[in-house]
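Q: I'd like to ask you about the structure that follows.
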Amino acid sequence: MKKLVLTLAILGAIVTGCSNDDNNNGPEVPETGVLSGNITENMTLNAETLYTLKGATYVKSGVTLTIPAGTRIEADSQFEEVAFLGIEKGAKIIAQGTAAKPIVFTSNAASPAPQDWGGLVICGNAVTNLGTNVTAEVTGLTYGGTNPADNSGVLSHIIVEYSGNLINDDAEFNGVTFYAVGSGTTVNNILVYQGSDDGFEWFGGSVNATNLAAIGCQDDSFDWTEGWNGTVTNLYSDQSSATGFSADSRGIEADNNQNNALLAPISNPTLSNVTLIGRNNPAVTKEAGAWLRRGTHATITNLYITGFKSTQSGSGFGINFDGTDSQTYFTANKLNNVTIVNSTTASNMILGFNATTTATGAGNGAAKASWMDWMGL
């Protein structure tokens, strides 16, 4: 394995903040640093340093990586390996930005685009219905344990841009992936922007969150499986600006387990104040606002859906309850206060929710919510 590489170089000046001419009239040139390989000791980054993320970067078990407000980390899109930041089971990330100084993970490409780099991957010791020490779909890290209250750190006021690079033909990175992350972890105010795969995905665990936005993601905005049971308040998804799309993208795609719909613990998150905006494009043949399938349970209230259309019968709708297990559950436990406009309808939709015309979603229907103001959209 590679050891951590951390370099600091001054460009165009002897010290940070010095200008590039004798009259001090030129622009400030930041220090630069490189993050790569294994981080094996506690480390605190410097908000005044521009960091480049090169290839696979792991925060090892027992180690804490602290990223202060205002730090910018640019993934090297041309490096020989896909760049990503992985937080191992037993490690922590303390990435606590502010509305005025968010932490930004982005691409260093001259013209950044979706799939320029991987994304953020956090692995924890909480419960997944696949058991303990499961191998993650991406990164090869392990996740899963017996501690629902496991603490992987703090993620607050973070922007993740142009993520979603391929691992292989069957697996892509998401913007932010939570593998069995526990409820002791703090997650709030995160934007995933223009990713080529999912915005956020949960593989089991019990992590909670507030204020999550996925803008322009080409696949699902919010995806869960393997028994996730956290609580999230305020989720906003707008796929209309995506530069490309998967034929079966959804605002929410959710299941319990792809091989065993009844495997315990059952996925059962609680979501409130949710806005899902589709592409308004019938060519996205399997598009859906929310696709609830494979035995998942969920409590979802104040849900606003618009712009999901389909030309393929039985596939893409405002909401689709797929499979006997999920249909039975949601018929008995309906989603509450749901408004669906400008979307294809289906015969099984009304069975699983209480339709209204007054749901406000994450803020004011399709309009961007006030809690998103700091994102600069």
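By order of appearance in the structure tokens: chains A, B, ..., then residues from 1 within every chain, and ligands from 1 in the order shown.
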Determine, counting only C-alpha atoms, which protein, DNA and RNA residues have an atom within 8 Å of an atom of A:Gly131; residues of the same chain fewer than 4 positions away are not included. Present the result as JSON, numbers by chain.

A: {"A": [127, 144, 145]}

Q: Which is closer to A:Thr128 than all the others in A:Val181, A:Ala109, A:Ala254, A:Val192, using only C-alpha atoms?

A: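 Comparing A:Val181, A:Ala109, A:Ala254, A:Val192 against A:Thr128, the winner is A:Val181.
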
Q: Atom CA of A:Ile39 to atom CA of A:Glu201: how many Å, to one decimal?

A: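 Those two atoms sit 24.4 Å apart.
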
Q: Could you list, as a PyMOL selection string, every residue within 6 Å of A:Ser156, counting only C-alpha atoms and ignoring same-chain residues fewer than 2 positions away?

A: chain A and resi 96-97+158+187-189

Q: Residues of stretch 52-219 of chain A classed as strand (DSSP E or B) by DSSP on the backbone are to be reported as a PDB file with N, CA, C and O atoms, in the first residue's frame.

A:
```
ATOM      1  N   THR A  52      -4.983  18.790  -3.619  1.00  0.00           N
ATOM      2  CA  THR A  52      -5.297  17.916  -4.737  1.00  0.00           C
ATOM      3  C   THR A  52      -5.421  16.490  -4.221  1.00  0.00           C
ATOM      4  O   THR A  52      -4.539  15.999  -3.520  1.00  0.00           O
ATOM      5  N   LEU A  53      -6.516  15.841  -4.566  1.00  0.00           N
ATOM      6  CA  LEU A  53      -6.764  14.450  -4.179  1.00  0.00           C
ATOM      7  C   LEU A  53      -6.318  13.561  -5.333  1.00  0.00           C
ATOM      8  O   LEU A  53      -6.865  13.640  -6.440  1.00  0.00           O
ATOM      9  N   LYS A  54      -5.302  12.740  -5.097  1.00  0.00           N
ATOM     10  CA  LYS A  54      -4.756  11.894  -6.151  1.00  0.00           C
ATOM     11  C   LYS A  54      -5.040  10.424  -5.839  1.00  0.00           C
ATOM     12  O   LYS A  54      -4.525   9.873  -4.864  1.00  0.00           O
ATOM     13  N   GLY A  55      -5.855   9.790  -6.658  1.00  0.00           N
ATOM     14  CA  GLY A  55      -6.102   8.364  -6.528  1.00  0.00           C
ATOM     15  C   GLY A  55      -6.816   8.000  -5.239  1.00  0.00           C
ATOM     16  O   GLY A  55      -7.480   8.823  -4.587  1.00  0.00           O
ATOM     17  N   ALA A  56      -6.676   6.728  -4.852  1.00  0.00           N
ATOM     18  CA  ALA A  56      -7.330   6.211  -3.653  1.00  0.00           C
ATOM     19  C   ALA A  56      -6.702   6.819  -2.402  1.00  0.00           C
ATOM     20  O   ALA A  56      -5.489   6.755  -2.222  1.00  0.00           O
ATOM     21  N   THR A  57      -7.517   7.406  -1.546  1.00  0.00           N
ATOM     22  CA  THR A  57      -7.043   8.019  -0.311  1.00  0.00           C
ATOM     23  C   THR A  57      -7.888   7.486   0.836  1.00  0.00           C
ATOM     24  O   THR A  57      -9.115   7.617   0.820  1.00  0.00           O
ATOM     25  N   TYR A  58      -7.248   6.863   1.821  1.00  0.00           N
ATOM     26  CA  TYR A  58      -7.948   6.188   2.911  1.00  0.00           C
ATOM     27  C   TYR A  58      -7.576   6.805   4.252  1.00  0.00           C
ATOM     28  O   TYR A  58      -6.386   6.958   4.560  1.00  0.00           O
ATOM     29  N   VAL A  59      -8.577   7.129   5.057  1.00  0.00           N
ATOM     30  CA  VAL A  59      -8.355   7.454   6.459  1.00  0.00           C
ATOM     31  C   VAL A  59      -8.471   6.143   7.218  1.00  0.00           C
ATOM     32  O   VAL A  59      -9.539   5.519   7.260  1.00  0.00           O
ATOM     33  N   THR A  64      -8.338  10.202  12.766  1.00  0.00           N
ATOM     34  CA  THR A  64      -9.309  11.262  12.488  1.00  0.00           C
ATOM     35  C   THR A  64      -8.719  12.258  11.505  1.00  0.00           C
ATOM     36  O   THR A  64      -7.609  12.772  11.706  1.00  0.00           O
ATOM     37  N   LEU A  65      -9.454  12.526  10.428  1.00  0.00           N
ATOM     38  CA  LEU A  65      -9.112  13.578   9.478  1.00  0.00           C
ATOM     39  C   LEU A  65     -10.032  14.764   9.743  1.00  0.00           C
ATOM     40  O   LEU A  65     -11.254  14.636   9.673  1.00  0.00           O
ATOM     41  N   THR A  66      -9.453  15.921  10.055  1.00  0.00           N
ATOM     42  CA  THR A  66     -10.215  17.137  10.321  1.00  0.00           C
ATOM     43  C   THR A  66     -10.055  18.098   9.147  1.00  0.00           C
ATOM     44  O   THR A  66      -8.926  18.421   8.750  1.00  0.00           O
ATOM     45  N   ILE A  67     -11.170  18.538   8.605  1.00  0.00           N
ATOM     46  CA  ILE A  67     -11.171  19.457   7.459  1.00  0.00           C
ATOM     47  C   ILE A  67     -11.900  20.723   7.881  1.00  0.00           C
ATOM     48  O   ILE A  67     -13.116  20.709   8.101  1.00  0.00           O
ATOM     49  N   ARG A  72     -10.844  23.692   0.287  1.00  0.00           N
ATOM     50  CA  ARG A  72     -11.176  23.237  -1.065  1.00  0.00           C
ATOM     51  C   ARG A  72     -10.253  22.081  -1.446  1.00  0.00           C
ATOM     52  O   ARG A  72      -9.027  22.202  -1.331  1.00  0.00           O
ATOM     53  N   ILE A  73     -10.863  20.987  -1.870  1.00  0.00           N
ATOM     54  CA  ILE A  73     -10.116  19.793  -2.273  1.00  0.00           C
ATOM     55  C   ILE A  73     -10.506  19.450  -3.700  1.00  0.00           C
ATOM     56  O   ILE A  73     -11.684  19.202  -3.980  1.00  0.00           O
ATOM     57  N   GLU A  74      -9.535  19.441  -4.592  1.00  0.00           N
ATOM     58  CA  GLU A  74      -9.792  19.181  -6.006  1.00  0.00           C
ATOM     59  C   GLU A  74      -9.224  17.817  -6.388  1.00  0.00           C
ATOM     60  O   GLU A  74      -8.031  17.567  -6.212  1.00  0.00           O
ATOM     61  N   ALA A  75     -10.074  16.958  -6.896  1.00  0.00           N
ATOM     62  CA  ALA A  75      -9.633  15.633  -7.332  1.00  0.00           C
ATOM     63  C   ALA A  75      -8.907  15.741  -8.660  1.00  0.00           C
ATOM     64  O   ALA A  75      -9.326  16.480  -9.565  1.00  0.00           O
ATOM     65  N   PHE A  84     -10.643   9.260  -4.837  1.00  0.00           N
ATOM     66  CA  PHE A  84     -11.764   9.243  -3.897  1.00  0.00           C
ATOM     67  C   PHE A  84     -11.211   9.358  -2.494  1.00  0.00           C
ATOM     68  O   PHE A  84     -10.024   9.110  -2.248  1.00  0.00           O
ATOM     69  N   LEU A  85     -12.099   9.724  -1.559  1.00  0.00           N
ATOM     70  CA  LEU A  85     -11.727   9.768  -0.153  1.00  0.00           C
ATOM     71  C   LEU A  85     -12.567   8.742   0.588  1.00  0.00           C
ATOM     72  O   LEU A  85     -13.796   8.835   0.628  1.00  0.00           O
ATOM     73  N   GLY A  86     -11.901   7.742   1.189  1.00  0.00           N
ATOM     74  CA  GLY A  86     -12.576   6.685   1.913  1.00  0.00           C
ATOM     75  C   GLY A  86     -12.279   6.764   3.403  1.00  0.00           C
ATOM     76  O   GLY A  86     -11.117   6.832   3.803  1.00  0.00           O
ATOM     77  N   ILE A  87     -13.340   6.766   4.203  1.00  0.00           N
ATOM     78  CA  ILE A  87     -13.197   6.772   5.661  1.00  0.00           C
ATOM     79  C   ILE A  87     -13.449   5.344   6.134  1.00  0.00           C
ATOM     80  O   ILE A  87     -14.569   4.830   6.031  1.00  0.00           O
ATOM     81  N   LYS A  92     -12.567   8.415  11.573  1.00  0.00           N
ATOM     82  CA  LYS A  92     -13.504   9.534  11.639  1.00  0.00           C
ATOM     83  C   LYS A  92     -13.085  10.630  10.674  1.00  0.00           C
ATOM     84  O   LYS A  92     -11.897  10.834  10.403  1.00  0.00           O
ATOM     85  N   ILE A  93     -14.104  11.343  10.186  1.00  0.00           N
ATOM     86  CA  ILE A  93     -13.882  12.572   9.440  1.00  0.00           C
ATOM     87  C   ILE A  93     -14.648  13.677  10.146  1.00  0.00           C
ATOM     88  O   ILE A  93     -15.833  13.530  10.451  1.00  0.00           O
ATOM     89  N   ILE A  94     -13.952  14.762  10.462  1.00  0.00           N
ATOM     90  CA  ILE A  94     -14.589  15.946  11.041  1.00  0.00           C
ATOM     91  C   ILE A  94     -14.500  17.038   9.980  1.00  0.00           C
ATOM     92  O   ILE A  94     -13.488  17.736   9.874  1.00  0.00           O
ATOM     93  N   ALA A  95     -15.521  17.125   9.152  1.00  0.00           N
ATOM     94  CA  ALA A  95     -15.563  18.094   8.055  1.00  0.00           C
ATOM     95  C   ALA A  95     -16.718  19.040   8.333  1.00  0.00           C
ATOM     96  O   ALA A  95     -17.861  18.787   7.958  1.00  0.00           O
ATOM     97  N   GLN A  96     -16.416  20.117   9.028  1.00  0.00           N
ATOM     98  CA  GLN A  96     -17.447  21.005   9.547  1.00  0.00           C
ATOM     99  C   GLN A  96     -17.313  22.377   8.901  1.00  0.00           C
ATOM    100  O   GLN A  96     -16.663  23.281   9.412  1.00  0.00           O
ATOM    101  N   ILE A 103     -17.131  23.545   2.823  1.00  0.00           N
ATOM    102  CA  ILE A 103     -16.039  22.691   2.345  1.00  0.00           C
ATOM    103  C   ILE A 103     -16.429  22.180   0.957  1.00  0.00           C
ATOM    104  O   ILE A 103     -17.550  21.713   0.762  1.00  0.00           O
ATOM    105  N   VAL A 104     -15.506  22.274   0.011  1.00  0.00           N
ATOM    106  CA  VAL A 104     -15.819  21.917  -1.374  1.00  0.00           C
ATOM    107  C   VAL A 104     -14.916  20.786  -1.841  1.00  0.00           C
ATOM    108  O   VAL A 104     -13.682  20.883  -1.761  1.00  0.00           O
ATOM    109  N   PHE A 105     -15.533  19.709  -2.331  1.00  0.00           N
ATOM    110  CA  PHE A 105     -14.843  18.631  -3.035  1.00  0.00           C
ATOM    111  C   PHE A 105     -15.251  18.739  -4.495  1.00  0.00           C
ATOM    112  O   PHE A 105     -16.445  18.654  -4.830  1.00  0.00           O
ATOM    113  N   THR A 106     -14.290  18.884  -5.394  1.00  0.00           N
ATOM    114  CA  THR A 106     -14.625  19.111  -6.793  1.00  0.00           C
ATOM    115  C   THR A 106     -13.535  18.506  -7.684  1.00  0.00           C
ATOM    116  O   THR A 106     -12.654  17.783  -7.227  1.00  0.00           O
ATOM    117  N   SER A 107     -13.595  18.802  -8.969  1.00  0.00           N
ATOM    118  CA  SER A 107     -12.623  18.325  -9.951  1.00  0.00           C
ATOM    119  C   SER A 107     -11.634  19.436 -10.280  1.00  0.00           C
ATOM    120  O   SER A 107     -11.980  20.614 -10.262  1.00  0.00           O
ATOM    121  N   LEU A 120     -17.124  10.635  -1.903  1.00  0.00           N
ATOM    122  CA  LEU A 120     -16.856  10.393  -0.495  1.00  0.00           C
ATOM    123  C   LEU A 120     -17.485   9.068  -0.085  1.00  0.00           C
ATOM    124  O   LEU A 120     -18.661   8.820  -0.366  1.00  0.00           O
ATOM    125  N   VAL A 121     -16.718   8.233   0.603  1.00  0.00           N
ATOM    126  CA  VAL A 121     -17.190   6.921   1.059  1.00  0.00           C
ATOM    127  C   VAL A 121     -16.905   6.819   2.552  1.00  0.00           C
ATOM    128  O   VAL A 121     -15.758   6.902   2.971  1.00  0.00           O
ATOM    129  N   ILE A 122     -17.978   6.637   3.336  1.00  0.00           N
ATOM    130  CA  ILE A 122     -17.830   6.538   4.783  1.00  0.00           C
ATOM    131  C   ILE A 122     -18.312   5.160   5.220  1.00  0.00           C
ATOM    132  O   ILE A 122     -19.444   4.765   4.908  1.00  0.00           O
ATOM    133  N   CYS A 123     -17.471   4.420   5.924  1.00  0.00           N
ATOM    134  CA  CYS A 123     -17.799   3.067   6.388  1.00  0.00           C
ATOM    135  C   CYS A 123     -17.873   3.052   7.910  1.00  0.00           C
ATOM    136  O   CYS A 123     -17.013   3.630   8.584  1.00  0.00           O
ATOM    137  N   VAL A 134     -18.699  -6.631   5.843  1.00  0.00           N
ATOM    138  CA  VAL A 134     -19.119  -6.796   4.455  1.00  0.00           C
ATOM    139  C   VAL A 134     -18.168  -5.996   3.567  1.00  0.00           C
ATOM    140  O   VAL A 134     -17.683  -4.931   3.951  1.00  0.00           O
ATOM    141  N   THR A 135     -17.882  -6.489   2.377  1.00  0.00           N
ATOM    142  CA  THR A 135     -17.029  -5.758   1.438  1.00  0.00           C
ATOM    143  C   THR A 135     -17.852  -4.761   0.642  1.00  0.00           C
ATOM    144  O   THR A 135     -18.875  -5.117   0.038  1.00  0.00           O
ATOM    145  N   THR A 142     -14.286  -2.588   4.185  1.00  0.00           N
ATOM    146  CA  THR A 142     -15.308  -3.383   4.864  1.00  0.00           C
ATOM    147  C   THR A 142     -16.181  -2.475   5.717  1.00  0.00           C
ATOM    148  O   THR A 142     -15.762  -1.390   6.149  1.00  0.00           O
ATOM    149  N   TYR A 143     -17.409  -2.934   5.960  1.00  0.00           N
ATOM    150  CA  TYR A 143     -18.360  -2.162   6.757  1.00  0.00           C
ATOM    151  C   TYR A 143     -19.311  -3.117   7.462  1.00  0.00           C
ATOM    152  O   TYR A 143     -19.421  -4.289   7.119  1.00  0.00           O
ATOM    153  N   GLY A 153     -18.054  10.638  12.740  1.00  0.00           N
ATOM    154  CA  GLY A 153     -17.606  12.023  12.700  1.00  0.00           C
ATOM    155  C   GLY A 153     -18.686  13.025  12.377  1.00  0.00           C
ATOM    156  O   GLY A 153     -19.857  12.854  12.732  1.00  0.00           O
ATOM    157  N   VAL A 154     -18.308  14.094  11.662  1.00  0.00           N
ATOM    158  CA  VAL A 154     -19.203  15.202  11.331  1.00  0.00           C
ATOM    159  C   VAL A 154     -19.034  15.548   9.861  1.00  0.00           C
ATOM    160  O   VAL A 154     -17.911  15.707   9.363  1.00  0.00           O
ATOM    161  N   LEU A 155     -20.160  15.679   9.164  1.00  0.00           N
ATOM    162  CA  LEU A 155     -20.189  16.165   7.778  1.00  0.00           C
ATOM    163  C   LEU A 155     -21.210  17.290   7.728  1.00  0.00           C
ATOM    164  O   LEU A 155     -22.418  17.061   7.841  1.00  0.00           O
ATOM    165  N   SER A 156     -20.744  18.521   7.556  1.00  0.00           N
ATOM    166  CA  SER A 156     -21.640  19.675   7.626  1.00  0.00           C
ATOM    167  C   SER A 156     -21.220  20.735   6.624  1.00  0.00           C
ATOM    168  O   SER A 156     -20.037  21.063   6.512  1.00  0.00           O
ATOM    169  N   HIS A 157     -22.202  21.282   5.906  1.00  0.00           N
ATOM    170  CA  HIS A 157     -21.969  22.334   4.913  1.00  0.00           C
ATOM    171  C   HIS A 157     -20.841  21.948   3.952  1.00  0.00           C
ATOM    172  O   HIS A 157     -19.758  22.527   3.943  1.00  0.00           O
ATOM    173  N   ILE A 158     -21.155  20.936   3.145  1.00  0.00           N
ATOM    174  CA  ILE A 158     -20.199  20.364   2.200  1.00  0.00           C
ATOM    175  C   ILE A 158     -20.818  20.352   0.812  1.00  0.00           C
ATOM    176  O   ILE A 158     -22.008  20.023   0.639  1.00  0.00           O
ATOM    177  N   ILE A 159     -20.034  20.679  -0.199  1.00  0.00           N
ATOM    178  CA  ILE A 159     -20.428  20.580  -1.608  1.00  0.00           C
ATOM    179  C   ILE A 159     -19.555  19.521  -2.267  1.00  0.00           C
ATOM    180  O   ILE A 159     -18.325  19.573  -2.175  1.00  0.00           O
ATOM    181  N   VAL A 160     -20.200  18.561  -2.924  1.00  0.00           N
ATOM    182  CA  VAL A 160     -19.510  17.501  -3.666  1.00  0.00           C
ATOM    183  C   VAL A 160     -19.907  17.625  -5.125  1.00  0.00           C
ATOM    184  O   VAL A 160     -21.079  17.452  -5.469  1.00  0.00           O
ATOM    185  N   GLU A 161     -18.947  17.925  -5.995  1.00  0.00           N
ATOM    186  CA  GLU A 161     -19.245  18.188  -7.396  1.00  0.00           C
ATOM    187  C   GLU A 161     -18.564  17.185  -8.329  1.00  0.00           C
ATOM    188  O   GLU A 161     -17.446  16.749  -8.066  1.00  0.00           O
ATOM    189  N   LEU A 166     -16.294   5.448 -12.609  1.00  0.00           N
ATOM    190  CA  LEU A 166     -16.498   4.006 -12.630  1.00  0.00           C
ATOM    191  C   LEU A 166     -15.418   3.269 -11.847  1.00  0.00           C
ATOM    192  O   LEU A 166     -14.246   3.634 -11.891  1.00  0.00           O
ATOM    193  N   ILE A 167     -15.837   2.229 -11.126  1.00  0.00           N
ATOM    194  CA  ILE A 167     -14.906   1.240 -10.593  1.00  0.00           C
ATOM    195  C   ILE A 167     -14.737   0.117 -11.607  1.00  0.00           C
ATOM    196  O   ILE A 167     -13.649  -0.358 -11.892  1.00  0.00           O
ATOM    197  N   ASN A 168     -15.853  -0.340 -12.143  1.00  0.00           N
ATOM    198  CA  ASN A 168     -15.874  -1.327 -13.219  1.00  0.00           C
ATOM    199  C   ASN A 168     -17.189  -1.139 -13.970  1.00  0.00           C
ATOM    200  O   ASN A 168     -17.920  -0.170 -13.730  1.00  0.00           O
ATOM    201  N   ALA A 171     -20.181  -1.015 -11.353  1.00  0.00           N
ATOM    202  CA  ALA A 171     -20.161  -0.235 -10.118  1.00  0.00           C
ATOM    203  C   ALA A 171     -19.587   1.150 -10.358  1.00  0.00           C
ATOM    204  O   ALA A 171     -18.557   1.303 -11.006  1.00  0.00           O
ATOM    205  N   GLU A 172     -20.284   2.146  -9.821  1.00  0.00           N
ATOM    206  CA  GLU A 172     -19.837   3.529  -9.875  1.00  0.00           C
ATOM    207  C   GLU A 172     -19.853   4.118  -8.473  1.00  0.00           C
ATOM    208  O   GLU A 172     -20.601   3.681  -7.602  1.00  0.00           O
ATOM    209  N   VAL A 176     -21.972  10.859  -2.182  1.00  0.00           N
ATOM    210  CA  VAL A 176     -21.685  10.496  -0.800  1.00  0.00           C
ATOM    211  C   VAL A 176     -22.317   9.135  -0.536  1.00  0.00           C
ATOM    212  O   VAL A 176     -23.513   8.950  -0.765  1.00  0.00           O
ATOM    213  N   THR A 177     -21.525   8.180  -0.048  1.00  0.00           N
ATOM    214  CA  THR A 177     -22.014   6.833   0.240  1.00  0.00           C
ATOM    215  C   THR A 177     -21.806   6.529   1.710  1.00  0.00           C
ATOM    216  O   THR A 177     -20.700   6.666   2.240  1.00  0.00           O
ATOM    217  N   PHE A 178     -22.894   6.098   2.366  1.00  0.00           N
ATOM    218  CA  PHE A 178     -22.857   5.741   3.781  1.00  0.00           C
ATOM    219  C   PHE A 178     -22.986   4.226   3.909  1.00  0.00           C
ATOM    220  O   PHE A 178     -24.057   3.669   3.673  1.00  0.00           O
ATOM    221  N   TYR A 179     -21.906   3.570   4.279  1.00  0.00           N
ATOM    222  CA  TYR A 179     -21.911   2.120   4.482  1.00  0.00           C
ATOM    223  C   TYR A 179     -22.009   1.827   5.983  1.00  0.00           C
ATOM    224  O   TYR A 179     -21.043   2.003   6.723  1.00  0.00           O
ATOM    225  N   THR A 186     -22.820  12.962  12.723  1.00  0.00           N
ATOM    226  CA  THR A 186     -23.592  14.174  12.423  1.00  0.00           C
ATOM    227  C   THR A 186     -23.513  14.470  10.928  1.00  0.00           C
ATOM    228  O   THR A 186     -22.416  14.587  10.373  1.00  0.00           O
ATOM    229  N   VAL A 187     -24.686  14.589  10.283  1.00  0.00           N
ATOM    230  CA  VAL A 187     -24.740  14.865   8.844  1.00  0.00           C
ATOM    231  C   VAL A 187     -25.788  15.944   8.599  1.00  0.00           C
ATOM    232  O   VAL A 187     -26.962  15.765   8.931  1.00  0.00           O
ATOM    233  N   ASN A 188     -25.374  17.053   8.025  1.00  0.00           N
ATOM    234  CA  ASN A 188     -26.337  18.100   7.674  1.00  0.00           C
ATOM    235  C   ASN A 188     -25.781  19.015   6.598  1.00  0.00           C
ATOM    236  O   ASN A 188     -24.576  19.168   6.444  1.00  0.00           O
ATOM    237  N   ASN A 189     -26.675  19.587   5.821  1.00  0.00           N
ATOM    238  CA  ASN A 189     -26.342  20.607   4.827  1.00  0.00           C
ATOM    239  C   ASN A 189     -25.262  20.134   3.854  1.00  0.00           C
ATOM    240  O   ASN A 189     -24.119  20.592   3.868  1.00  0.00           O
ATOM    241  N   ILE A 190     -25.655  19.210   2.990  1.00  0.00           N
ATOM    242  CA  ILE A 190     -24.745  18.679   1.971  1.00  0.00           C
ATOM    243  C   ILE A 190     -25.403  18.793   0.603  1.00  0.00           C
ATOM    244  O   ILE A 190     -26.577  18.440   0.428  1.00  0.00           O
ATOM    245  N   LEU A 191     -24.656  19.260  -0.366  1.00  0.00           N
ATOM    246  CA  LEU A 191     -25.079  19.327  -1.766  1.00  0.00           C
ATOM    247  C   LEU A 191     -24.213  18.400  -2.592  1.00  0.00           C
ATOM    248  O   LEU A 191     -22.982  18.482  -2.548  1.00  0.00           O
ATOM    249  N   VAL A 192     -24.852  17.499  -3.365  1.00  0.00           N
ATOM    250  CA  VAL A 192     -24.158  16.743  -4.409  1.00  0.00           C
ATOM    251  C   VAL A 192     -24.624  17.317  -5.741  1.00  0.00           C
ATOM    252  O   VAL A 192     -25.820  17.331  -6.036  1.00  0.00           O
ATOM    253  N   TYR A 193     -23.673  17.777  -6.546  1.00  0.00           N
ATOM    254  CA  TYR A 193     -23.984  18.534  -7.763  1.00  0.00           C
ATOM    255  C   TYR A 193     -23.375  17.860  -8.984  1.00  0.00           C
ATOM    256  O   TYR A 193     -22.179  17.546  -9.002  1.00  0.00           O
ATOM    257  N   PHE A 200     -26.826  10.451  -3.089  1.00  0.00           N
ATOM    258  CA  PHE A 200     -26.581   9.874  -1.774  1.00  0.00           C
ATOM    259  C   PHE A 200     -27.059   8.427  -1.780  1.00  0.00           C
ATOM    260  O   PHE A 200     -28.134   8.131  -2.319  1.00  0.00           O
ATOM    261  N   GLU A 201     -26.296   7.523  -1.158  1.00  0.00           N
ATOM    262  CA  GLU A 201     -26.747   6.145  -1.021  1.00  0.00           C
ATOM    263  C   GLU A 201     -26.384   5.629   0.369  1.00  0.00           C
ATOM    264  O   GLU A 201     -25.289   5.859   0.869  1.00  0.00           O
ATOM    265  N   TRP A 202     -27.355   4.895   0.959  1.00  0.00           N
ATOM    266  CA  TRP A 202     -27.184   4.300   2.281  1.00  0.00           C
ATOM    267  C   TRP A 202     -27.229   2.782   2.164  1.00  0.00           C
ATOM    268  O   TRP A 202     -28.191   2.217   1.629  1.00  0.00           O
ATOM    269  N   PHE A 203     -26.193   2.125   2.665  1.00  0.00           N
ATOM    270  CA  PHE A 203     -26.156   0.669   2.748  1.00  0.00           C
ATOM    271  C   PHE A 203     -26.279   0.298   4.219  1.00  0.00           C
ATOM    272  O   PHE A 203     -25.296   0.247   4.956  1.00  0.00           O
ATOM    273  N   ALA A 209     -29.909  12.659   9.216  1.00  0.00           N
ATOM    274  CA  ALA A 209     -29.406  13.823   8.483  1.00  0.00           C
ATOM    275  C   ALA A 209     -30.484  14.888   8.379  1.00  0.00           C
ATOM    276  O   ALA A 209     -31.680  14.611   8.538  1.00  0.00           O
ATOM    277  N   THR A 210     -30.045  16.104   8.095  1.00  0.00           N
ATOM    278  CA  THR A 210     -30.950  17.189   7.734  1.00  0.00           C
ATOM    279  C   THR A 210     -30.354  17.928   6.541  1.00  0.00           C
ATOM    280  O   THR A 210     -29.142  18.038   6.393  1.00  0.00           O
ATOM    281  N   ASN A 211     -31.237  18.427   5.681  1.00  0.00           N
ATOM    282  CA  ASN A 211     -30.869  19.326   4.589  1.00  0.00           C
ATOM    283  C   ASN A 211     -29.894  18.690   3.599  1.00  0.00           C
ATOM    284  O   ASN A 211     -28.709  19.030   3.542  1.00  0.00           O
ATOM    285  N   LEU A 212     -30.419  17.766   2.803  1.00  0.00           N
ATOM    286  CA  LEU A 212     -29.637  17.113   1.757  1.00  0.00           C
ATOM    287  C   LEU A 212     -30.202  17.508   0.394  1.00  0.00           C
ATOM    288  O   LEU A 212     -31.412  17.409   0.166  1.00  0.00           O
ATOM    289  N   ALA A 213     -29.323  17.915  -0.524  1.00  0.00           N
ATOM    290  CA  ALA A 213     -29.746  18.306  -1.869  1.00  0.00           C
ATOM    291  C   ALA A 213     -28.917  17.571  -2.912  1.00  0.00           C
ATOM    292  O   ALA A 213     -27.699  17.442  -2.771  1.00  0.00           O
ATOM    293  N   ALA A 214     -29.586  17.090  -3.949  1.00  0.00           N
ATOM    294  CA  ALA A 214     -28.922  16.441  -5.089  1.00  0.00           C
ATOM    295  C   ALA A 214     -29.403  17.137  -6.348  1.00  0.00           C
ATOM    296  O   ALA A 214     -30.592  17.057  -6.689  1.00  0.00           O
ATOM    297  N   ILE A 215     -28.507  17.829  -7.036  1.00  0.00           N
ATOM    298  CA  ILE A 215     -28.862  18.629  -8.201  1.00  0.00           C
ATOM    299  C   ILE A 215     -28.129  18.097  -9.428  1.00  0.00           C
ATOM    300  O   ILE A 215     -26.900  18.016  -9.443  1.00  0.00           O
TER     301      ILE A 215
END
```

Q: Fewer than 5 positions away in the same chain doesn't count, so skip those; otherwise give me all residues within 10 Å of A:Asn302, counting only C-alpha atoms, as a ChimeraX atom specification.

A: /A:234,271-275,335-339,356,358-363,365

Q: For A:Ser370, which residue among A:Leu130, A:Tyr236, A:Asp248, A:Ser196 is the nearest when counting only C-alpha atoms?

A: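 For A:Ser370, the nearest of the candidates is A:Tyr236.
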